[in-house]
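Raw data.tsv, TSV, C-alpha atoms:
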chain	number	residue	atom	x	y	z
A	527	MET	CA	47.18	-39.48	-0.78
A	528	ARG	CA	44.01	-38.95	-2.78
A	529	HIS	CA	42.35	-37.47	0.35
A	530	ARG	CA	45.33	-35.12	0.80
A	531	ARG	CA	45.02	-33.85	-2.82
A	532	ILE	CA	41.31	-33.11	-2.28
A	533	GLN	CA	42.14	-31.08	0.85
A	534	LEU	CA	44.79	-29.07	-1.02
A	535	ALA	CA	42.40	-28.40	-3.93
A	536	ALA	CA	39.71	-27.21	-1.53
A	537	LEU	CA	42.19	-24.94	0.25
A	538	ALA	CA	43.31	-23.43	-3.09
A	539	ALA	CA	39.69	-22.71	-4.03
A	540	VAL	CA	39.09	-20.93	-0.71
A	541	VAL	CA	42.26	-18.84	-1.15
A	542	PHE	CA	41.13	-17.87	-4.68
A	543	LEU	CA	37.65	-16.83	-3.50
A	544	VAL	CA	39.01	-14.79	-0.61
A	545	SER	CA	41.53	-12.99	-2.82
A	546	SER	CA	38.83	-12.27	-5.42
A	547	CYS	CA	36.53	-10.78	-2.78
A	548	ALA	CA	39.37	-8.70	-1.35
A	549	LYS	CA	39.90	-7.08	-4.74
A	550	GLY	CA	36.25	-5.93	-4.75
A	551	PRO	CA	35.44	-3.11	-7.15
A	552	ALA	CA	39.04	-2.79	-8.30
A	553	ALA	CA	38.46	-5.87	-10.44
A	554	VAL	CA	35.68	-4.05	-12.33
A	555	SER	CA	36.48	-1.38	-14.90
A	556	ARG	CA	35.29	2.08	-13.74
A	557	ARG	CA	34.14	2.60	-17.33
A	558	ALA	CA	31.69	-0.30	-17.04
A	559	PRO	CA	28.46	0.60	-18.88
A	560	ALA	CA	26.10	1.51	-16.04
A	561	ILE	CA	23.77	3.50	-18.31
A	562	PRO	CA	21.65	1.84	-21.05
A	563	LEU	CA	22.36	2.48	-24.73
A	564	LEU	CA	19.96	3.67	-27.44
A	565	GLU	CA	21.23	3.24	-30.99
A	566	PHE	CA	19.65	5.06	-33.93
A	567	GLU	CA	20.11	4.06	-37.55
A	568	LEU	CA	18.98	6.63	-40.11
A	569	SER	CA	18.85	6.47	-43.88
A	570	ALA	CA	20.63	9.04	-46.02
A	571	ASN	CA	17.24	10.53	-46.93
A	572	ALA	CA	16.26	10.87	-43.26
A	573	ARG	CA	19.54	12.61	-42.43
A	574	LYS	CA	19.12	14.98	-45.37
A	575	SER	CA	15.55	15.78	-44.32
A	576	LEU	CA	16.63	16.61	-40.74
A	577	ALA	CA	19.42	18.82	-42.06
A	578	ASN	CA	16.93	20.82	-44.16
A	579	ALA	CA	13.96	20.78	-41.78
A	580	PRO	CA	15.11	19.72	-38.28
A	581	LYS	CA	11.62	19.75	-36.76
A	582	ASP	CA	9.92	17.63	-39.41
A	583	TRP	CA	9.32	14.00	-38.44
A	584	VAL	CA	11.39	11.28	-40.11
A	585	LYS	CA	11.54	7.52	-39.58
A	586	GLY	CA	14.50	5.47	-38.44
A	587	ASP	CA	15.42	2.25	-36.65
A	588	LEU	CA	16.03	2.16	-32.90
A	589	VAL	CA	17.96	-0.59	-31.12
A	590	HIS	CA	17.65	-1.02	-27.34
A	591	GLU	CA	19.06	-4.01	-25.44
A	592	GLY	CA	19.27	-6.05	-28.63
A	593	LEU	CA	15.68	-5.31	-29.67
A	594	ARG	CA	15.30	-3.52	-33.01
A	595	MET	CA	12.26	-1.28	-33.48
A	596	ARG	CA	11.72	-0.21	-37.05
A	597	ASN	CA	10.22	3.02	-38.35
A	598	VAL	CA	10.40	4.94	-35.09
A	599	ALA	CA	9.40	8.59	-35.61
A	600	LEU	CA	11.89	11.24	-34.53
A	601	ARG	CA	12.72	14.89	-35.06
A	602	LEU	CA	15.18	17.38	-33.64
A	603	LYS	CA	14.22	19.69	-30.79
A	604	GLY	CA	15.19	23.00	-29.21
A	605	GLN	CA	15.64	26.71	-29.80
A	606	ARG	CA	18.91	27.78	-28.15
A	607	THR	CA	19.78	24.10	-27.70
A	608	LEU	CA	19.06	23.01	-31.29
A	609	ARG	CA	21.98	21.01	-32.70
A	610	GLY	CA	22.45	19.08	-35.94
A	611	LEU	CA	23.13	15.35	-36.29
A	612	ASP	CA	26.86	16.04	-36.58
A	613	GLN	CA	26.77	17.44	-33.03
A	614	THR	CA	24.70	16.34	-30.01
A	615	PRO	CA	21.08	16.98	-31.03
A	616	SER	CA	18.13	16.92	-28.66
A	617	ILE	CA	15.54	14.55	-30.09
A	618	LYS	CA	11.81	13.95	-29.80
A	619	LEU	CA	10.70	10.32	-30.16
A	620	ARG	CA	7.31	8.86	-31.05
A	621	MET	CA	7.16	5.09	-30.75
A	622	ASP	CA	3.52	4.79	-31.81
A	623	LYS	CA	3.34	7.17	-34.78
A	624	GLY	CA	1.44	5.44	-37.59
A	625	SER	CA	-1.52	3.09	-37.31
A	626	GLN	CA	0.68	-0.02	-37.64
A	627	HIS	CA	2.64	0.97	-34.53
A	628	ARG	CA	-0.25	1.92	-32.27
A	629	GLY	CA	0.47	0.80	-28.70
A	630	ARG	CA	4.23	0.35	-29.22
A	631	THR	CA	6.30	1.62	-26.29
A	632	LEU	CA	9.88	2.11	-25.16
A	633	LEU	CA	10.60	1.70	-21.44
A	634	GLY	CA	6.87	1.88	-20.78
A	635	GLY	CA	6.24	5.12	-22.70
A	636	SER	CA	5.19	5.97	-26.24
A	637	SER	CA	6.67	9.50	-26.44
A	638	TRP	CA	10.05	10.64	-25.13
A	639	VAL	CA	12.41	13.60	-25.27
A	640	LEU	CA	16.17	13.01	-25.45
A	641	ASP	CA	17.70	16.10	-23.85
A	642	ASN	CA	21.31	16.88	-24.78
A	643	MET	CA	21.72	18.85	-21.50
A	644	VAL	CA	23.93	21.48	-23.17
A	645	GLU	CA	22.57	24.14	-20.79
A	646	ASP	CA	23.17	22.02	-17.71
A	647	PRO	CA	26.88	21.56	-16.87
A	648	SER	CA	25.93	19.43	-13.88
A	649	MET	CA	23.87	17.02	-16.04
A	650	MET	CA	21.74	16.64	-12.90
A	651	ARG	CA	19.51	19.68	-12.47
A	652	ALA	CA	16.49	18.63	-14.52
A	653	HIS	CA	16.63	15.01	-13.36
A	654	VAL	CA	16.89	16.03	-9.70
A	655	ALA	CA	14.13	18.63	-10.09
A	656	TYR	CA	11.73	16.14	-11.70
A	657	THR	CA	12.57	13.61	-9.00
A	658	LEU	CA	11.88	16.16	-6.24
A	659	ALA	CA	8.63	17.25	-7.91
A	660	THR	CA	7.45	13.64	-7.95
A	661	MET	CA	8.40	13.22	-4.28
A	662	VAL	CA	6.11	16.11	-3.26
A	663	GLY	CA	3.20	14.92	-5.39
A	664	LEU	CA	3.41	17.26	-8.38
A	665	PRO	CA	2.67	16.02	-11.91
A	666	ALA	CA	6.15	15.66	-13.35
A	667	PRO	CA	7.65	13.56	-16.15
A	668	SER	CA	9.77	10.56	-15.34
A	669	SER	CA	13.40	10.85	-16.42
A	670	ARG	CA	16.46	8.62	-16.65
A	671	TYR	CA	19.94	8.72	-18.13
A	672	ILE	CA	20.67	7.05	-21.43
A	673	ARG	CA	23.67	6.82	-23.75
A	674	VAL	CA	22.97	7.70	-27.39
A	675	ARG	CA	24.62	6.47	-30.57
A	676	ILE	CA	23.56	7.69	-34.02
A	677	ASP	CA	24.74	5.75	-37.07
A	678	GLY	CA	27.66	4.36	-35.11
A	679	GLN	CA	28.75	7.71	-33.65
A	680	ASP	CA	28.66	7.97	-29.87
A	681	LYS	CA	26.84	11.15	-28.75
A	682	GLY	CA	27.36	10.70	-25.01
A	683	ILE	CA	24.90	10.74	-22.14
A	684	TYR	CA	21.41	12.22	-22.51
A	685	LEU	CA	18.46	12.67	-20.21
A	686	LEU	CA	15.51	10.65	-21.45
A	687	THR	CA	12.40	12.51	-20.30
A	688	GLU	CA	8.78	11.47	-20.59
A	689	ALA	CA	6.69	13.59	-22.96
A	690	PHE	CA	3.28	15.00	-21.99
A	691	ASP	CA	1.40	12.32	-23.90
A	692	ASP	CA	-1.80	10.41	-23.20
A	693	ALA	CA	-0.02	7.96	-20.88
A	694	PHE	CA	1.31	10.84	-18.76
A	695	MET	CA	-2.13	12.48	-18.56
A	696	HIS	CA	-3.90	9.26	-17.64
A	697	ARG	CA	-1.37	8.49	-14.92
A	698	HIS	CA	-1.64	11.90	-13.26
A	699	PHE	CA	-5.19	13.03	-14.06
A	700	ASP	CA	-7.10	9.84	-15.00
A	701	SER	CA	-7.96	11.38	-18.37
A	702	ALA	CA	-6.17	12.75	-21.43
A	703	ASN	CA	-9.27	14.32	-22.96
A	704	GLY	CA	-8.93	17.79	-21.45
A	705	PRO	CA	-7.17	20.74	-23.11
A	706	LEU	CA	-3.42	21.02	-22.53
A	707	TYR	CA	-1.95	24.49	-23.12
A	708	GLU	CA	1.69	25.55	-23.24
A	709	GLY	CA	2.60	29.05	-22.09
A	710	GLU	CA	5.57	30.65	-23.81
A	711	TYR	CA	7.54	33.68	-22.62
A	712	GLY	CA	5.31	36.35	-21.09
A	713	CYS	CA	2.15	34.29	-21.56
A	714	ASP	CA	-0.16	34.51	-18.54
A	715	VAL	CA	-3.85	34.00	-17.76
A	716	VAL	CA	-4.92	37.54	-18.53
A	717	PRO	CA	-8.29	38.38	-20.16
A	718	GLY	CA	-7.88	39.39	-23.77
A	719	ALA	CA	-4.32	38.05	-23.98
A	720	THR	CA	-4.73	34.27	-24.03
A	721	ASP	CA	-3.95	33.85	-27.75
A	722	CYS	CA	-0.30	33.40	-26.81
A	723	PHE	CA	-1.07	29.95	-25.38
A	724	ASP	CA	-0.46	27.01	-27.69
A	725	LEU	CA	-3.09	24.25	-27.53
A	726	GLU	CA	-0.99	21.06	-27.50
A	727	SER	CA	-3.77	18.50	-27.16
A	728	GLY	CA	-7.44	18.16	-26.29
A	729	ASP	CA	-10.27	20.40	-27.38
A	730	ASP	CA	-11.25	23.89	-26.19
A	731	PRO	CA	-13.59	25.48	-28.75
A	732	GLN	CA	-12.89	29.19	-29.05
A	733	ARG	CA	-10.67	28.78	-25.93
A	734	MET	CA	-13.71	29.15	-23.74
A	735	HIS	CA	-12.20	27.21	-20.81
A	736	LEU	CA	-8.99	29.24	-20.94
A	737	LEU	CA	-10.88	32.53	-21.19
A	738	ALA	CA	-13.02	31.57	-18.20
A	739	LEU	CA	-9.87	30.85	-16.18
A	740	ALA	CA	-8.37	34.24	-17.12
A	741	GLU	CA	-11.54	36.06	-16.07
A	742	ARG	CA	-11.64	34.17	-12.78
A	743	ALA	CA	-7.97	35.00	-12.12
A	744	ALA	CA	-8.63	38.68	-12.76
A	745	SER	CA	-11.52	38.88	-10.30
A	746	PRO	CA	-10.82	40.18	-6.78
A	747	GLY	CA	-10.80	37.91	-3.76
A	748	ASP	CA	-10.01	34.20	-3.62
A	749	GLY	CA	-12.16	33.09	-6.55
A	750	LEU	CA	-9.45	30.77	-7.83
A	751	TRP	CA	-9.95	28.19	-5.06
A	752	ASN	CA	-13.22	29.05	-3.31
A	753	GLY	CA	-16.80	29.48	-4.40
A	754	GLU	CA	-18.69	27.45	-6.99
A	755	GLN	CA	-16.49	25.09	-9.04
A	756	PRO	CA	-13.11	26.68	-8.19
A	757	PRO	CA	-10.64	26.25	-11.08
A	758	PHE	CA	-7.68	25.37	-8.83
A	759	ALA	CA	-7.17	23.36	-5.67
A	760	VAL	CA	-5.36	25.80	-3.39
A	761	GLU	CA	-2.95	23.10	-2.18
A	762	HIS	CA	-1.92	22.28	-5.75
A	763	LEU	CA	-1.39	25.88	-6.80
A	764	ALA	CA	0.55	26.68	-3.63
A	765	MET	CA	2.76	23.59	-4.08
A	766	VAL	CA	3.57	24.49	-7.69
A	767	LEU	CA	4.51	28.07	-6.78
A	768	ALA	CA	6.57	27.00	-3.76
A	769	PHE	CA	8.39	24.32	-5.76
A	770	GLU	CA	9.25	26.67	-8.59
A	771	ILE	CA	10.71	29.30	-6.28
A	772	TYR	CA	12.44	26.73	-4.03
A	773	VAL	CA	14.42	25.25	-6.95
A	774	GLY	CA	15.04	28.69	-8.47
A	775	ASP	CA	13.09	28.16	-11.69
A	776	PHE	CA	13.46	31.72	-12.97
A	777	ASP	CA	12.71	30.46	-16.50
A	778	GLY	CA	9.29	29.04	-15.57
A	779	TYR	CA	5.99	30.53	-14.50
A	780	PHE	CA	8.00	32.97	-12.39
A	781	HIS	CA	8.41	34.87	-15.67
A	782	ALA	CA	5.38	33.28	-17.37
A	783	HIS	CA	7.45	30.82	-19.41
A	784	ASN	CA	8.04	27.06	-19.75
A	785	TYR	CA	4.86	25.78	-18.14
A	786	ARG	CA	1.68	24.02	-19.12
A	787	LEU	CA	-1.94	24.28	-17.99
A	788	TYR	CA	-4.22	21.25	-18.15
A	789	ARG	CA	-7.95	21.23	-17.42
A	790	SER	CA	-9.28	17.91	-16.18
A	791	PRO	CA	-12.60	17.00	-17.81
A	792	ILE	CA	-13.43	14.92	-14.74
A	793	ASP	CA	-13.77	17.73	-12.19
A	794	GLY	CA	-13.06	20.88	-14.23
A	795	ARG	CA	-9.94	21.69	-12.19
A	796	TRP	CA	-6.85	23.22	-13.76
A	797	HIS	CA	-3.37	21.91	-13.06
A	798	MET	CA	-0.04	23.58	-13.70
A	799	ILE	CA	2.78	21.41	-15.04
A	800	LEU	CA	6.31	22.82	-14.92
A	801	SER	CA	8.79	21.87	-17.64
A	802	GLY	CA	12.21	22.79	-18.99
A	803	LEU	CA	13.83	22.49	-15.56
A	804	ASP	CA	17.44	22.44	-16.78
A	805	ARG	CA	18.43	25.82	-15.33
A	806	VAL	CA	17.36	25.35	-11.73
A	807	PHE	CA	19.36	25.06	-8.47
A	808	SER	CA	21.62	27.95	-9.45
A	809	LYS	CA	19.84	31.29	-9.02
A	810	ARG	CA	18.00	31.92	-5.74
A	811	LEU	CA	14.63	33.61	-5.91
A	812	ASP	CA	12.92	35.67	-3.23
A	813	PRO	CA	10.38	33.24	-1.70
A	814	HIS	CA	7.75	35.97	-1.69
A	815	SER	CA	8.31	37.17	-5.27
A	816	GLY	CA	6.87	36.39	-8.68
A	817	GLU	CA	5.23	38.35	-11.47
A	818	GLY	CA	2.57	35.82	-12.48
A	819	VAL	CA	-1.12	36.58	-12.01
A	820	LEU	CA	-1.66	33.32	-10.12
A	821	THR	CA	1.33	34.02	-7.85
A	822	LYS	CA	0.05	37.46	-6.91
A	823	GLN	CA	-3.43	36.09	-6.25
A	824	CYS	CA	-1.96	33.46	-3.93
A	825	PHE	CA	0.25	35.85	-1.97
A	826	ALA	CA	-2.69	38.25	-1.51
A	827	ASP	CA	-4.80	35.60	0.24
A	828	ALA	CA	-4.18	34.27	3.77
A	829	ARG	CA	-5.39	30.74	3.01
A	830	CYS	CA	-3.11	30.40	-0.02
A	831	ARG	CA	-0.16	31.91	1.87
A	832	ASP	CA	-0.59	29.30	4.61
A	833	ALA	CA	-0.74	26.52	2.01
A	834	TYR	CA	2.35	27.99	0.35
A	835	SER	CA	4.33	27.96	3.63
A	836	ALA	CA	3.26	24.36	4.31
A	837	ALA	CA	4.27	23.34	0.80
A	838	TRP	CA	7.68	24.98	1.19
A	839	GLU	CA	8.35	23.01	4.38
A	840	GLN	CA	7.35	19.76	2.65
A	841	ILE	CA	9.65	20.47	-0.28
A	842	ALA	CA	12.55	21.39	2.02
A	843	LYS	CA	12.14	18.13	3.94
A	844	SER	CA	11.94	16.03	0.77
A	845	ALA	CA	15.01	17.76	-0.70
A	846	THR	CA	17.15	16.45	2.17
A	847	GLU	CA	16.19	12.90	1.12
A	848	LEU	CA	17.57	13.24	-2.42
A	849	ASP	CA	20.48	10.89	-3.14
A	850	LEU	CA	22.61	13.42	-5.01
A	851	ASP	CA	25.86	11.55	-4.39
A	852	GLY	CA	24.33	8.34	-5.74
A	853	ILE	CA	23.14	10.06	-8.92
A	854	ALA	CA	26.54	11.70	-9.40
A	855	ARG	CA	28.42	8.44	-8.86
A	856	ARG	CA	26.32	6.61	-11.45
A	857	LEU	CA	26.95	9.37	-13.95
A	858	SER	CA	30.67	9.52	-13.21
A	859	LEU	CA	31.10	5.79	-13.89
A	860	ALA	CA	30.01	6.34	-17.48
A	861	MET	CA	32.42	9.14	-18.41
A	862	PRO	CA	36.14	9.95	-18.45
A	863	LYS	CA	37.77	10.66	-15.11
A	864	SER	CA	38.22	14.40	-15.79
A	865	GLU	CA	34.52	14.81	-16.54
A	866	ALA	CA	33.57	12.59	-13.61
A	867	GLN	CA	35.38	14.94	-11.23
A	868	ASN	CA	33.32	17.84	-12.54
A	869	ILE	CA	30.09	15.90	-11.95
A	870	MET	CA	31.03	15.20	-8.33
A	871	MET	CA	31.87	18.89	-7.85
A	872	GLN	CA	28.51	19.90	-9.35
A	873	SER	CA	26.80	17.50	-6.96
A	874	LYS	CA	28.38	19.30	-4.02
A	875	GLN	CA	27.11	22.63	-5.39
A	876	LEU	CA	23.57	21.25	-5.63
A	877	GLN	CA	23.82	20.04	-2.05
A	878	SER	CA	25.05	23.47	-0.97
A	879	TYR	CA	22.08	25.14	-2.70
A	880	ILE	CA	19.65	22.89	-0.82
A	881	ARG	CA	21.47	23.27	2.48
A	882	LYS	CA	21.26	27.06	2.29
A	883	GLN	CA	17.55	27.18	1.46
A	884	PRO	CA	15.38	28.09	4.47
A	885	VAL	CA	13.44	25.20	5.95
A	886	ALA	CA	10.50	27.41	6.92
A	887	LEU	CA	9.35	30.78	5.64
A	888	GLY	CA	8.79	33.92	7.66
A	889	ALA	CA	6.90	37.01	6.65
A	890	PRO	CA	8.04	38.96	3.58
A	891	GLN	CA	10.93	41.32	4.24
Can the structure in the file be given as structure tokens, please?
Amino acid sequence: MRHRRIQLAALAAVVFLVSSCAKGPAAVSRRAPAIPLLEFELSANARKSLANAPKDWVKGDLVHEGLRMRNVALRLKGQRTLRGLDQTPSIKLRMDKGSQHRGRTLLGGSSWVLDNMVEDPSMMRAHVAYTLATMVGLPAPSSRYIRVRIDGQDKGIYLLTEAFDDAFMHRHFDSANGPLYEGEYGCDVVPGATDCFDLESGDDPQRMHLLALAERAASPGDGLWNGEQPPFAVEHLAMVLAFEIYVGDFDGYFHAHNYRLYRSPIDGRWHMILSGLDRVFSKRLDPHSGEGVLTKQCFADARCRDAYSAAWEQIAKSATELDLDGIARRLSLAMPKSEAQNIMMQSKQLQSYIRKQPVALGAPQ
């Protein structure tokens, strides 16, 4: 009898396991938290300071996966996208601000940008663009999705993007000691007009390095990548230009906006870093167009045009390897069903954009 009871118990356990497996994902809530949470706790004084001066640094506590980090520096960010704490503000974070916090990191980085993605209805464009840029070997920030809560109020899903800090520079260029310039709208490497560049880090006394680059760019011929100590590697410049036009970055160097120039102190080469890629994959650009000085220099030279065509083909191939459905599914699991449907639809639009891009370039029309 005892042996019979053991057999029946074993059979019941097998039936339970089989039925549990058959249920599969249906047994898991579709609202399961698939995206990590960052919680901010701000004092009344910090909130008041941000209301009066949004871009002044304040200190607050940050909680991530049960770990509390005190006195994290933060400020609000944006021009068109600037929002107050009562809405969904974009935020800049500094984990290591202050001598007592030197070396402190979050997710492996010391400086981050929390992007509210208000200009990106797909919530995917910037993340996909940065991913694609990394795939083709361009210096691009890492990015990941994060859920944000401020003083107990859920702010939704943000894109956590790596800032252009020392860690970023060391990883891509082996040094953070060179000058890093940001070009705002209409700012190009033109002699006599380089004051529009903002020196973000590094040292360039009297902007001598930047002035030398502008003079080189204005000279006839292929002086940007040939001759003695060329300021650019032709493959890098061609890849940047091809990438920008492939993804439709009309708000970048295409119109001399939203880009950075970094001069490596190791070999004296300049590198272009694209940023603000939240409006891409929507407007198609003529592959042979562009108003920038560097773009025109490239298109006027056979060697750079060949490198540009090769770069375009590499980008087109890599774009087909993007897991857009996977990114969209992960996002959709963390939001209401109505919003999730929109994300999946936006994913299809991104795939359509890529599918309709030419794989190889012909001559200009």
Applying 6 Å and only C-alpha atoms, which residues near Ile869 in chain A remain after dropping the ones on its own chain fewer than 3 positions away? List them as a ChimeraX atom specification. /A:648,866,872
Can you tell me which residues surround range 697-704 of chain A at a distance of at most 6 Å, considering all atoms listed in the file, apart from same-chain residues fewer than 5 positions away, and format the answer as a PyMOL selection string? chain A and resi 692+728+789-791
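The nearest approach to Asp680 in chain A among the residues A:Asp641, A:Asp724, A:Asp612, A:Glu710, with only C-alpha atoms taken into account, belongs to A:Asp612.
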Give me, as a PyMOL selection string, all polymer residues having an atom no more than 10 Å from range 588-603 of chain A, counting only C-alpha atoms and skipping those fewer than 2 positions away in the same chain. chain A and resi 562-568+572+575-577+579-586+605-611+615-624+627+630-633+637-642+675-676
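If all atoms listed in the file are the atoms counted, then among A:Leu887, A:Ala719, A:Ile561, A:Ile683 the closest residue to Ala833 in chain A is A:Leu887.
Distances here use all atoms listed in the file; by that measure, the residue among A:Asp691, A:Asp793, A:Asp714, A:Glu645 closest to Gln755 in chain A is A:Asp793.
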